Structures are given as C-alpha cells and as structure tokens.
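K.L.:
Sharing upload_13.cif, mmCIF, C-alpha atoms:
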data_structure
loop_
_atom_site.label_atom_id
_atom_site.label_comp_id
_atom_site.auth_asym_id
_atom_site.auth_seq_id
_atom_site.Cartn_x
_atom_site.Cartn_y
_atom_site.Cartn_z
CA MET A 188 84.96 112.73 78.46
CA ARG A 189 83.34 115.97 77.30
CA VAL A 190 83.75 117.66 73.90
CA LEU A 191 83.35 121.27 72.81
CA ILE A 192 82.07 121.70 69.25
CA THR A 193 82.16 124.84 67.13
CA GLY A 194 79.74 124.76 64.20
CA ALA A 195 77.60 122.20 66.06
CA THR A 196 74.37 123.39 64.44
CA GLY A 197 75.72 123.00 60.89
CA LEU A 198 75.33 120.00 58.60
CA ILE A 199 78.41 118.13 59.80
CA GLY A 200 78.16 119.38 63.36
CA GLN A 201 74.66 118.02 63.85
CA GLU A 202 75.78 114.59 62.69
CA ILE A 203 78.78 114.62 65.05
CA VAL A 204 76.48 115.59 67.92
CA ALA A 205 74.31 112.59 67.02
CA ARG A 206 77.36 110.28 67.15
CA CYS A 207 78.37 111.77 70.52
CA ASN A 208 74.87 111.09 71.84
CA GLU A 209 75.15 107.47 70.72
CA GLU A 210 78.46 107.18 72.59
CA ASP A 211 77.12 109.02 75.71
CA ILE A 212 79.71 111.77 75.23
CA PRO A 213 78.41 115.09 76.66
CA VAL A 214 78.68 118.07 74.31
CA ASN A 215 79.33 121.74 74.90
CA TYR A 216 78.83 123.90 71.84
CA LEU A 217 79.50 127.49 70.82
CA THR A 218 76.94 129.52 68.90
CA THR A 219 76.76 133.10 67.64
CA SER A 220 72.97 133.05 68.14
CA LYS A 221 71.76 133.38 71.72
CA SER A 222 68.40 131.95 70.64
CA LYS A 223 70.15 128.65 69.80
CA ILE A 224 71.55 128.17 73.29
CA GLU A 225 70.17 125.05 74.96
CA ASN A 226 71.04 123.57 78.33
CA THR A 227 69.84 120.01 78.47
CA ASN A 228 71.44 116.89 79.86
CA GLY A 229 74.59 116.29 77.82
CA TYR A 230 74.10 119.27 75.47
CA GLN A 231 75.05 122.75 76.70
CA GLY A 232 75.29 125.89 74.61
CA PHE A 233 77.53 128.91 75.11
CA TYR A 234 77.63 132.26 73.31
CA TRP A 235 80.55 133.57 71.29
CA ASN A 236 81.18 136.17 68.62
CA PRO A 237 84.54 135.69 66.89
CA LYS A 238 84.18 139.00 65.02
CA THR A 239 84.19 140.94 68.28
CA GLY A 240 86.43 138.55 70.20
CA THR A 241 83.65 137.60 72.63
CA ILE A 242 83.48 134.11 74.17
CA ASP A 243 81.94 132.58 77.28
CA LYS A 244 84.98 130.83 78.78
CA ALA A 245 82.70 128.57 80.80
CA CYS A 246 82.44 126.56 77.56
CA PHE A 247 85.86 125.02 78.32
CA LYS A 248 84.93 123.61 81.73
CA ASP A 249 85.81 119.89 81.93
CA VAL A 250 86.31 119.72 78.13
CA ASP A 251 88.80 117.09 76.93
CA VAL A 252 88.54 117.58 73.16
CA VAL A 253 87.63 120.56 70.95
CA ILE A 254 86.02 119.66 67.60
CA HIS A 255 86.44 122.77 65.48
CA LEU A 256 84.11 123.04 62.48
CA ALA A 257 83.27 126.75 62.29
CA GLY A 258 83.49 128.36 58.84
CA ALA A 259 81.24 130.04 56.28
CA THR A 260 80.07 127.95 53.35
CA VAL A 261 82.02 128.23 50.09
CA ALA A 262 78.87 127.37 48.09
CA LYS A 263 77.89 131.01 47.66
CA ARG A 264 78.94 133.54 45.04
CA TRP A 265 82.47 134.75 45.75
CA THR A 266 82.25 138.51 45.81
CA LYS A 267 85.29 140.35 47.17
CA ASP A 268 83.54 140.80 50.52
CA TYR A 269 82.37 137.21 50.70
CA LYS A 270 85.86 135.88 49.96
CA GLU A 271 87.02 137.81 53.00
CA GLU A 272 84.16 136.25 54.99
CA ILE A 273 85.17 132.73 53.90
CA LEU A 274 88.71 133.31 55.16
CA ASN A 275 87.92 135.31 58.29
CA SER A 276 85.20 132.89 59.40
CA ARG A 277 87.93 130.25 59.68
CA LEU A 278 90.80 132.32 61.05
CA GLN A 279 88.98 134.49 63.61
CA PRO A 280 87.28 131.62 65.52
CA THR A 281 90.54 129.65 65.58
CA GLU A 282 92.51 132.61 66.89
CA LEU A 283 89.85 133.38 69.51
CA ILE A 284 89.91 129.86 70.96
CA ILE A 285 93.71 129.83 71.06
CA LYS A 286 93.78 133.25 72.74
CA SER A 287 91.14 132.11 75.25
CA LEU A 288 93.12 129.01 76.24
CA LYS A 289 96.54 130.69 76.31
CA GLY A 290 97.81 131.10 79.86
CA GLU A 291 94.66 129.56 81.31
CA THR A 292 94.24 126.36 83.29
CA HIS A 293 92.22 123.95 81.15
CA THR A 294 91.65 120.24 80.53
CA VAL A 295 91.81 120.26 76.70
CA LYS A 296 93.96 117.35 75.48
CA GLN A 297 93.22 117.42 71.72
CA VAL A 298 91.85 119.68 69.00
CA ILE A 299 90.23 118.05 65.94
CA SER A 300 89.73 120.62 63.20
CA ALA A 301 87.91 120.51 59.91
CA SER A 302 89.97 121.25 56.82
CA ALA A 303 89.35 120.55 53.13
CA ILE A 304 90.79 118.61 50.21
CA GLY A 305 90.77 121.93 48.34
CA VAL A 306 94.33 122.27 49.62
CA TYR A 307 95.40 119.75 46.96
CA PRO A 308 96.07 121.16 43.47
CA ASP A 309 93.71 120.47 40.59
CA SER A 310 94.89 117.30 38.83
CA LEU A 311 93.39 114.49 36.77
CA VAL A 312 96.34 112.15 37.43
CA ASN A 313 97.63 112.71 40.98
CA TYR A 314 96.51 110.49 43.84
CA TYR A 315 96.82 112.62 46.96
CA GLU A 316 97.94 111.28 50.31
CA GLU A 317 98.40 113.35 53.45
CA THR A 318 102.18 113.50 52.93
CA PHE A 319 101.79 115.66 49.80
CA GLN A 320 103.67 118.94 50.26
CA ASP A 321 103.90 120.71 46.88
CA PHE A 322 101.12 123.23 47.49
CA PHE A 323 102.10 125.45 44.56
CA ASP A 324 98.48 126.09 43.59
CA SER A 325 97.58 129.78 43.91
CA SER A 326 93.81 129.22 43.69
CA PHE A 327 91.61 130.92 46.26
CA LEU A 328 90.48 127.75 48.04
CA THR A 329 93.98 126.32 48.26
CA GLN A 330 95.22 129.52 49.87
CA VAL A 331 92.27 129.57 52.29
CA VAL A 332 92.92 126.00 53.44
CA LYS A 333 96.66 126.60 53.82
CA LYS A 334 96.03 129.65 56.05
CA TRP A 335 93.30 127.79 57.93
CA GLU A 336 95.56 124.82 58.71
CA HIS A 337 98.41 127.16 59.69
CA ALA A 338 96.10 128.92 62.17
CA VAL A 339 95.03 125.58 63.66
CA ASP A 340 98.71 124.72 64.21
CA GLY A 341 98.63 127.45 66.85
CA PHE A 342 97.11 124.94 69.28
CA SER A 343 100.33 122.90 69.10
CA GLU A 344 102.19 125.92 70.51
CA LEU A 345 99.97 125.59 73.60
CA GLY A 346 101.03 121.96 73.94
CA ILE A 347 97.68 120.67 72.63
CA PRO A 348 97.95 117.92 69.97
CA VAL A 349 96.13 118.72 66.73
CA SER A 350 94.23 116.54 64.26
CA LYS A 351 93.07 117.92 60.90
CA VAL A 352 90.42 116.30 58.72
CA ARG A 353 90.65 117.28 55.04
CA ILE A 354 87.04 116.84 54.06
CA GLY A 355 85.89 115.95 50.55
CA LEU A 356 82.45 116.21 48.94
CA VAL A 357 80.02 115.47 51.78
CA LEU A 358 76.95 113.48 50.77
CA ALA A 359 73.98 114.08 53.09
CA LYS A 360 70.22 113.71 53.06
CA ASN A 361 69.32 117.08 54.57
CA GLY A 362 71.37 119.66 52.74
CA GLY A 363 74.83 120.06 51.29
CA ALA A 364 76.11 119.58 47.76
CA LEU A 365 74.20 116.36 47.01
CA GLN A 366 70.78 117.97 47.26
CA SER A 367 71.83 120.75 44.89
CA LEU A 368 73.18 118.13 42.48
CA VAL A 369 70.07 115.99 42.36
CA LYS A 370 67.49 118.79 41.99
CA PRO A 371 67.96 119.16 38.21
CA ILE A 372 68.29 115.39 37.79
CA LYS A 373 64.88 114.85 39.40
CA VAL A 374 63.22 117.06 36.79
CA GLY A 375 65.14 115.68 33.81
CA PHE A 376 67.77 118.42 33.49
CA GLY A 377 70.75 116.69 35.04
CA ALA A 378 74.17 116.99 33.43
CA GLY A 379 77.85 116.70 34.23
CA PHE A 380 80.29 119.59 34.22
CA GLY A 381 82.93 120.24 31.59
CA SER A 382 84.68 117.07 30.45
CA GLY A 383 83.21 115.18 33.42
CA LYS A 384 86.62 113.55 33.92
CA GLN A 385 87.46 115.56 37.06
CA TRP A 386 87.73 113.44 40.21
CA GLN A 387 85.23 113.83 43.03
CA SER A 388 86.46 112.49 46.36
CA TRP A 389 83.29 112.04 48.36
CA ILE A 390 82.22 110.79 51.80
CA HIS A 391 78.87 109.83 53.34
CA ILE A 392 78.10 112.13 56.25
CA TYR A 393 77.67 109.16 58.61
CA ASP A 394 81.22 108.01 57.89
CA LEU A 395 82.58 111.53 58.26
CA SER A 396 81.06 111.96 61.71
CA ALA A 397 82.26 108.50 62.72
CA LEU A 398 85.76 109.39 61.50
CA PHE A 399 85.88 112.42 63.83
CA LEU A 400 84.94 110.22 66.77
CA HIS A 401 87.52 107.63 65.75
CA LEU A 402 90.23 110.30 65.97
CA LEU A 403 88.86 111.34 69.34
CA LYS A 404 88.57 107.91 70.93
CA ASP A 405 91.88 106.59 69.59
CA GLU A 406 93.71 109.87 70.25
CA LEU A 407 95.04 110.09 66.70
CA TYR A 408 96.95 113.24 65.74
CA GLY A 409 98.10 114.74 62.46
CA VAL A 410 96.42 115.17 59.06
CA TYR A 411 93.77 112.72 57.81
CA ASN A 412 91.81 112.78 54.57
CA GLY A 413 88.07 112.69 55.20
CA VAL A 414 87.08 110.83 52.02
CA ALA A 415 85.66 107.41 51.15
CA PRO A 416 87.98 104.76 49.63
CA ASN A 417 86.60 104.96 46.08
CA PRO A 418 86.52 108.40 44.43
CA VAL A 419 84.61 108.78 41.17
CA THR A 420 84.65 111.11 38.19
CA ASN A 421 82.05 113.82 37.85
CA ASN A 422 80.43 111.85 35.02
CA GLU A 423 80.19 108.77 37.25
CA LEU A 424 78.72 110.82 40.09
CA VAL A 425 75.97 112.32 37.92
CA LYS A 426 75.18 109.03 36.15
CA THR A 427 74.97 107.13 39.44
CA CYS A 428 72.65 109.75 40.93
CA ALA A 429 70.39 109.46 37.88
CA ARG A 430 70.42 105.65 38.06
CA VAL A 431 69.53 105.63 41.75
CA LEU A 432 66.73 108.14 41.14
CA GLU A 433 65.64 106.23 38.03
CA LYS A 434 65.82 109.38 35.91
CA PRO A 435 67.20 109.77 32.37
CA LEU A 436 70.26 111.84 31.50
CA ILE A 437 69.72 113.41 28.10
CA LEU A 438 71.54 116.73 28.25
CA PRO A 439 75.19 117.24 27.25
CA ASN A 440 77.69 118.27 29.91
CA ILE A 441 77.58 121.94 30.86
CA PRO A 442 80.56 123.90 29.47
CA LYS A 443 82.92 125.60 31.89
CA PHE A 444 82.45 129.07 30.37
CA MET A 445 78.70 128.89 30.98
CA MET A 446 79.11 128.11 34.69
CA ALA A 447 81.73 130.87 34.93
CA LEU A 448 79.13 133.33 33.62
CA LEU A 449 76.51 132.06 36.08
CA LEU A 450 78.63 131.62 39.20
CA GLY A 451 81.70 133.75 38.72
CA GLU A 452 84.93 132.53 40.33
CA MET A 453 82.99 130.06 42.49
CA HIS A 454 82.48 127.86 39.42
CA THR A 455 85.95 126.39 40.00
CA ILE A 456 84.49 124.20 42.76
CA LEU A 457 82.62 122.23 40.09
CA PHE A 458 85.57 121.72 37.78
CA GLU A 459 88.60 121.13 40.00
CA SER A 460 89.80 117.55 40.27
CA GLN A 461 91.23 115.97 43.44
CA ARG A 462 91.61 112.20 43.68
CA VAL A 463 92.32 111.67 47.36
CA SER A 464 93.38 108.61 49.36
CA SER A 465 91.70 107.26 52.51
CA LYS A 466 94.44 104.71 53.21
CA LYS A 467 95.91 106.49 56.24
CA ILE A 468 92.71 106.51 58.32
CA GLU A 469 91.96 102.93 57.25
CA SER A 470 95.42 101.89 58.45
CA GLU A 471 94.41 103.26 61.86
CA GLY A 472 91.54 100.80 62.09
CA PHE A 473 88.70 102.96 60.78
CA GLN A 474 86.09 101.01 58.80
CA PHE A 475 83.84 102.82 56.36
CA LYS A 476 80.17 101.91 56.33
CA PHE A 477 79.83 103.31 52.79
CA ASN A 478 82.87 102.40 50.67
CA TYR A 479 81.15 102.75 47.29
CA LEU A 480 79.08 105.54 45.80
CA GLU A 481 75.92 103.69 44.72
CA PRO A 482 75.07 102.18 48.15
CA ALA A 483 75.76 105.58 49.73
CA LEU A 484 73.38 107.31 47.32
CA LYS A 485 70.70 104.64 47.79
CA ASN A 486 70.89 105.22 51.53
CA LEU A 487 70.45 108.96 51.10
CA LEU A 488 68.09 109.24 48.11
CA GLN A 489 65.75 106.27 48.25
#
Is it possible to give me this structure as structure tokens?

P.N.:
Amino acid sequence: MRVLITGATGLIGQEIVARCNEEDIPVNYLTTSKSKIENTNGYQGFYWNPKTGTIDKACFKDVDVVIHLAGATVAKRWTKDYKEEILNSRLQPTELIIKSLKGETHTVKQVISASAIGVYPDSLVNYYEETFQDFFDSSFLTQVVKKWEHAVDGFSELGIPVSKVRIGLVLAKNGGALQSLVKPIKVGFGAGFGSGKQWQSWIHIYDLSALFLHLLKDELYGVYNGVAPNPVTNNELVKTCARVLEKPLILPNIPKFMMALLLGEMHTILFESQRVSSKKIESEGFQFKFNYLEPALKNLLQ
C-alpha cells in the first residue's frame, strides 16, 4: 500500500506521516515549495500549485489512498481577501486532484479528506452525531465546510469511495491552538472566553493521526467525527490547562466584545459551541489513547 498526502508538512500531516512510517506505509506527498521536495526511501515529494492548476501526475503512481489535508489556517485575521484564501485553499486543491484523476488510469481506491466540526451550528445543548443534517447556520466557517465537503464528494463521481474526518480542536505539542492557549496561562494571564460554557470538542493529535490510519486500514467510508469521547467546556479547558501547568487563574473571563475588537470576525472561533460525538468511530473498533482531557494535556505540556 502507498498513500498520497496533501498538506503533509503541516501539523496534522507530519503526525500522519509518522504513523505511516510506523506501519511501513510508503508516502508520496504534494508540496507547493520545490525546496521541500525530498526523495528518500518511503517518502517522495512532488510539486503542485493548485492556484495555477499545476501538478506532477507522477505523484499518483501506485497510490492506493489519498489523504487530503490541504487548506489554509483559519487562525488568522479574516480580512475579505483572507476569507477567499480560506475557501479557495480547500476547493482548488480538491478540484485539481479530481481533474487530474478524471479519465486517467490510476490505482486510487479511497480518498480520506479532512473536514471540520465547524459545519455544526453553534449550540450549548445539541450533541452532534454524523447524521445531523440541519445545516441552517449561515456563519462563515459553516459555509466553508459545507462547500469543502461538497467538493470532496466529487471523488465519488469518479467511483472512488470517500471518507471525511470532521476535526475538532487539535491538541499538539508543537503548534496549533493549544500552544496559543497556554502562553498567557504560563505568565499568569490565562482566562476563559465569554461565559466559558461553550463546548470544546478536542482531540489529541496522536489519536487524530491514528484515526486516519484506522479509516485507511479498515477501508471505512463516510463521515466520521475526529474528536475525543469527552468534550469539555471552555472553562474546563482553561482550568485544566492551568492545573496541569500549576499556574493560578485569577483573571475574569474575557468578554466577547473585547475579542471582537481585537480579532474581528475571527473571534467567533473562540465562542462557538459544538458538543460532538465520537461514538461512530468507536463503534468501528477505534480505541482512543487519550479519552480524557487532563491525561492528554499532561502528555503534551509536562
């Protein structure tokens, strides 16, 4: 088996590459930077540029599964131009791969694509499973994810089964949201956001990468939530971080209007609430290494 990974040099991509190495699964990867192309045993790079429609089709040789992670970060101020970048960086790569495979002889048997729990509407009471369909939310992120997932469905029209992983808050040691969260806590300025009652559906990056490989090895198709079994509120998240770091929390929660002034529309990421279920992937035999928040944080922060 050989996999092709887009976004392989990103936070999640690097961890999936590490899991593939452990399983002796050779990896092809696509990169927009020619300087990042490597050709070593089991790890081969190929150039592409989704903005210009350029791709080295040799990347598909002997590939059984495409793991599709490419997309610009949403953790950056949402100017009008950057909102277009967030959307286009998900649609253009997807469309380019589909166009490149269409009408060609290939060995691809499955596409596993990243998605996001941002597709679920903001709610303090709902408990979201993959069967949820009432996507009435008109928020920017919800619309991005809906269009992203619709684009990925294009692989099904080529007869290639599709798996989508709706990823929650990824906790990692070397980057991502957790490191931004703990910086103020380490210097005594940690605080929750708004009421602190909003749900945070999180996942340890090790479990997320293992989940992708579980879908690959067991040939599981459809939508799966990429979250740990026990979501927490924002207050619980901040308090647990402080406890693990052995730091006090003395400041009141930061009001929503203040973050709106600082971050603009992007502030909604901090205040939206999605309590999301992991039952479906667990029913398929996947076992989380980090089921609870505190052991996950101790692994990453201590």

K.L.:
I would like the residues chosen by the PyMOL selection byres ((chain A and resi 189-191) around 9) on the shown file; could you give them as number ranges by chain?

P.N.:
A: 188, 192-193, 195, 207, 212-217, 229, 246-255, 295

K.L.:
Can you give me, as a list in words, the residues this file yields under the PyMOL selection byres ((chain A and resi 446) around 12)?

P.N.:
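For this structure, the PyMOL selection byres ((chain A and resi 446) around 12) captures Arg264, Gly379, Phe380, Gly381, Asn440, Ile441, Pro442, Lys443, Phe444, Met445, Ala447, Leu448, Leu449, Leu450, Gly451, Glu452, Met453, His454, Thr455, Ile456, Leu457 and Phe458 of chain A.
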
K.L.:
In Å to one decimal, how far is atom CA of A:Ile224 from atom CA of A:Val261?

P.N.:
25.5 Å

K.L.:
Might you pull out every residue within 7 Å of A:Ser464, with all atoms listed in the file counted and same-chain residues fewer than 5 positions away left off, and present them as a PyMOL selection string?

P.N.:
chain A and resi 314-316+412+416

K.L.:
Measuring between all atoms listed in the file, which one of A:Pro439, A:Gly341, A:Gly362, A:Gly305 shows the shortest distance to A:Asp324?

P.N.:
A:Gly305

K.L.:
For atom CA of A:Gly377 and atom CA of A:Trp389, quote the distance in Å rounded to one decimal.

P.N.:
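Atom CA of A:Trp389 lies at a distance of 18.9 Å from atom CA of A:Gly377.
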
K.L.:
Provide the atom CA of A:Ala378 to atom CA of A:Leu436 distance in Å, to one decimal place.

P.N.:
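Atom CA of A:Leu436 lies 6.7 Å from atom CA of A:Ala378.
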
K.L.:
Using the chain letters and numbering of this document, enumerate as a list in words the residues selected by the PyMOL selection byres ((chain A and resi 351) around 6).

P.N.:
Ile299, Ser300, Ala301, Ser350, Val352 and Val410 of chain A

K.L.:
Just the selected residues (C-alpha atoms), exported as a CSV table (one decimal), in the frame of the given file, please.

P.N.:
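Output (selection.csv):
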chain,number,residue,atom,x,y,z
A,299,ILE,CA,90.2,118.0,65.9
A,300,SER,CA,89.7,120.6,63.2
A,301,ALA,CA,87.9,120.5,59.9
A,350,SER,CA,94.2,116.5,64.3
A,352,VAL,CA,90.4,116.3,58.7
A,410,VAL,CA,96.4,115.2,59.1

K.L.:
Using only C-alpha atoms, which of A:Ala359, A:Ile468, A:Ile437, A:Leu480 sits nearest A:His401?

P.N.:
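Checking each of A:Ala359, A:Ile468, A:Ile437, A:Leu480 against A:His401, counting only C-alpha atoms, the winner is A:Ile468.
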
K.L.:
Please work out which residues fall within 9 Å of (92.0, 124.6, 60.3), coordinates as given in the file, with all atoms listed in the file counting, and return them as number ranges by chain.

P.N.:
A: 255-256, 277-278, 281, 299-303, 332-340, 351-352

K.L.:
Go through A:Arg206, A:Leu356, A:Gly197, A:Pro308 one by one, measure the shortest atom-to-atom distance of each to A:Ala259 using all atoms listed in the file, and give the residue with the smallest value.

P.N.:
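Between A:Arg206, A:Leu356, A:Gly197, A:Pro308, the residue approaching A:Ala259 most closely is A:Gly197.
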